[in-house]
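Here the structure comes first, spelled out in structure tokens, and everything after it is commentary.
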Amino acid sequence: MSETILSIKNLSKTYDNGTQALADISFDVKKGEFLVVIGLSGSGKSTLLRCLNRLLDPTSGQIFFHGKNIENTKGRAVFSVRKKIGMIFQQFNLVPRYSVLTNVLTGKLAGMGVLKSFFSLFSVEDKSQALDYLKLVGIHEKAYLRADQLSGGQQQRVAIARALAQKPEVLLADEPVASLDPATCHVVMDYLRKVNQELGITIICNLHFLSLVREYATRVIALKDGKLVFEGSPDQITEDWFQKIYGEGAREIHVQ
């Protein structure tokens, strides 16, 4: 049985306006899993990931990473958490005028000293590793192009390589294919699976399309109105469960 890398206990998040985004959520994540989180927009998926890598402070509950409590992490210690629990977003957040290679190298800034970070003094080894990550996601030939010369799918692959430059143990992916056309979705998801299988990095990924969930997830959790309503394998999501998660009358859309 794989070791538990993340353990979430009774996690809740209420925003200042009174909206309760998460309500008493508990689950474990095993090392090496490709865990997918599903649910309607507004169900709490993005809030959950942002709490896990400490972009948001939970209102209550606990988050354990390798058995260490991290939900109250403050100051510089937060950067250490974010280095080990990397994140990619629906919007690629690249610097358009920077080259692809430089964008990937910015993923290393959190682990560099202040002076090196300020002057972006990357070593030959740093650049070699960045090129290796670009090769892993199939885009190394674009290394010296400006980021804004790439397609959406290519930019998301650069964002994956940038997150890998942090050398994370866990990679959070918040709707990584939501901004892409259907033909490109599988390309990005294939590379996330490659990262999971070849590098052994644990993936926690928010997705909308169940066809993608069934193809890529090793395990699934579902949120509804901020509550955990399903936990199991992709093939356990029957039509009845689909209706419970997404509401009566909801229809599944397939991404080919």
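We label chains A, B, ... in the order they appear in the structure tokens, count residues from 1 in each chain, and number ligands from 1 in the order shown.
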
Fill in: Long-range neighbours of A:Val158 as an NGL selection string, 7 Å cut-off, only C-alpha atoms, 4 positions minimum in chain
:A and (100 or 104 or 134 or 154 or 162)

Worksheet entry | DSSP helix (DSSP H, G or I) selection over stretch 54-212 of chain A, as a PyMOL selection string | chain A and resi 76-84+100-111+114-119+124-136+140-142+147-149+152-164+182-199+210-212

Fill in: For atom CA of A:Ile8 and atom CA of A:Gly61, the interatomic separation in Å (one decimal)
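The value is 7.7 Å.
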
Practice prompt. Could you give me, as an MDAnalysis selection string, the residues within 7 Å of A:Ser60, counting only C-alpha atoms and dropping anything in the same chain fewer than 4 positions from it?
Written response: chainID A and resid 11:13

Worksheet entry | Distance criterion (only C-alpha atoms): nearest to A:Ser2 out of A:Asp24, A:Leu40, A:Glu198, A:Gly32 |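 Answer, going by the shortest atom-to-atom distance: A:Gly32.
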
Practice prompt. Output as a PyMOL selection string all residues of stretch 105-236 of chain A that backbone DSSP marks as strand (DSSP E or B).
Written response: chain A and resi 146+170-174+202-206+219-224+227-232

Export N, CA and C atoms of the chosen residues as a compact mmCIF listing (two decimals), in the first residue's frame?
```txt
# COMPACT_ATOMS: atom_id res chain seq x y z
N ARG A 146 9.43 33.39 -27.88
CA ARG A 146 8.65 34.10 -26.87
C ARG A 146 7.41 33.28 -26.53
N VAL A 170 4.11 16.96 -5.15
CA VAL A 170 2.70 16.96 -5.52
C VAL A 170 2.47 18.08 -6.52
N LEU A 171 1.70 17.81 -7.57
CA LEU A 171 1.37 18.83 -8.55
C LEU A 171 -0.14 18.98 -8.59
N LEU A 172 -0.60 20.19 -8.27
CA LEU A 172 -2.02 20.51 -8.31
C LEU A 172 -2.32 21.14 -9.67
N ALA A 173 -3.38 20.69 -10.31
CA ALA A 173 -3.76 21.21 -11.62
C ALA A 173 -5.21 21.67 -11.56
N ASP A 174 -5.42 22.98 -11.62
CA ASP A 174 -6.76 23.55 -11.47
C ASP A 174 -7.38 23.79 -12.84
N THR A 202 2.85 12.95 -7.54
CA THR A 202 1.43 12.82 -7.23
C THR A 202 0.66 13.96 -7.88
N ILE A 203 -0.42 13.64 -8.57
CA ILE A 203 -1.22 14.65 -9.26
C ILE A 203 -2.60 14.75 -8.59
N ILE A 204 -3.03 15.99 -8.31
CA ILE A 204 -4.41 16.26 -7.90
C ILE A 204 -4.96 17.26 -8.90
N CYS A 205 -5.96 16.85 -9.65
CA CYS A 205 -6.40 17.61 -10.81
C CYS A 205 -7.91 17.84 -10.79
N ASN A 206 -8.32 19.09 -10.93
CA ASN A 206 -9.73 19.42 -11.08
C ASN A 206 -10.13 19.28 -12.55
N ARG A 219 -8.12 7.62 -9.07
CA ARG A 219 -9.16 7.72 -8.05
C ARG A 219 -9.86 9.08 -8.20
N VAL A 220 -11.10 9.15 -7.73
CA VAL A 220 -11.91 10.35 -7.91
C VAL A 220 -12.56 10.74 -6.59
N ILE A 221 -12.61 12.05 -6.32
CA ILE A 221 -13.50 12.56 -5.29
C ILE A 221 -14.41 13.60 -5.95
N ALA A 222 -15.62 13.73 -5.43
CA ALA A 222 -16.57 14.68 -5.97
C ALA A 222 -17.03 15.63 -4.87
N LEU A 223 -17.12 16.91 -5.21
CA LEU A 223 -17.62 17.93 -4.29
C LEU A 223 -18.97 18.44 -4.80
N LYS A 224 -19.85 18.73 -3.87
CA LYS A 224 -21.13 19.36 -4.19
C LYS A 224 -21.47 20.32 -3.06
N LYS A 227 -19.20 20.15 -0.10
CA LYS A 227 -19.13 18.92 0.68
C LYS A 227 -18.63 17.76 -0.18
N LEU A 228 -17.92 16.86 0.46
CA LEU A 228 -17.44 15.65 -0.22
C LEU A 228 -18.61 14.67 -0.33
N VAL A 229 -19.00 14.34 -1.56
CA VAL A 229 -20.18 13.49 -1.74
C VAL A 229 -19.85 12.14 -2.40
N PHE A 230 -18.62 12.00 -2.90
CA PHE A 230 -18.23 10.74 -3.55
C PHE A 230 -16.73 10.57 -3.42
N GLU A 231 -16.32 9.33 -3.19
CA GLU A 231 -14.90 8.98 -3.20
C GLU A 231 -14.79 7.54 -3.68
N GLY A 232 -14.05 7.33 -4.77
CA GLY A 232 -13.93 5.99 -5.30
C GLY A 232 -13.18 5.96 -6.61
```

Item to complete: Find the residues near A:Met189: any atom within 9 Å, counting only C-alpha atoms, skip ones fewer than 2 places away on the same chain, and give them as a list of chain:residue names.
Response: A:Pro176, A:Val177, A:Thr184, A:Cys185, A:His186, A:Val187, A:Tyr191, A:Leu192, A:Arg193, A:Lys194, A:Leu212, A:Tyr216

Response to the item:
Of A:Gln149, A:Ser233, A:Asn196, A:Ser41, the one sitting nearest A:Val137 when using only C-alpha atoms is A:Asn196

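Between atom CA of A:Asp148 and atom CA of A:Thr102 lies a distance of 12.7 Å.
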
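The space separating atom CA of A:Val195 from atom CA of A:Asp181 comes to 21.6 Å.
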
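With only C-alpha atoms as the atoms that count, the residue of A:Pro234, A:Gly44, A:Gly107, A:Gly226 with the shortest distance to A:Arg82 is A:Gly107.
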
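All residues of protein, DNA or RNA that reach within 12 Å of A:Thr73, judged by only C-alpha atoms and not counting those fewer than 4 positions away in the chain, are A:Cys51, A:Leu52, A:Asn53, A:Arg54, A:Leu55, A:Leu56, A:Asp57, A:Pro58, A:Gln62, A:Ile63, A:Phe64, A:Phe65, A:Lys68, A:Asn69, A:Ala77, A:Val78, A:Phe79, A:Ser80, A:Val81, A:Arg82.
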
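Each of A:His208, A:Arg50, A:Lys108, A:Lys244 was checked against A:Met87 using only C-alpha atoms; the smallest atom-to-atom distance is that of A:Arg50.
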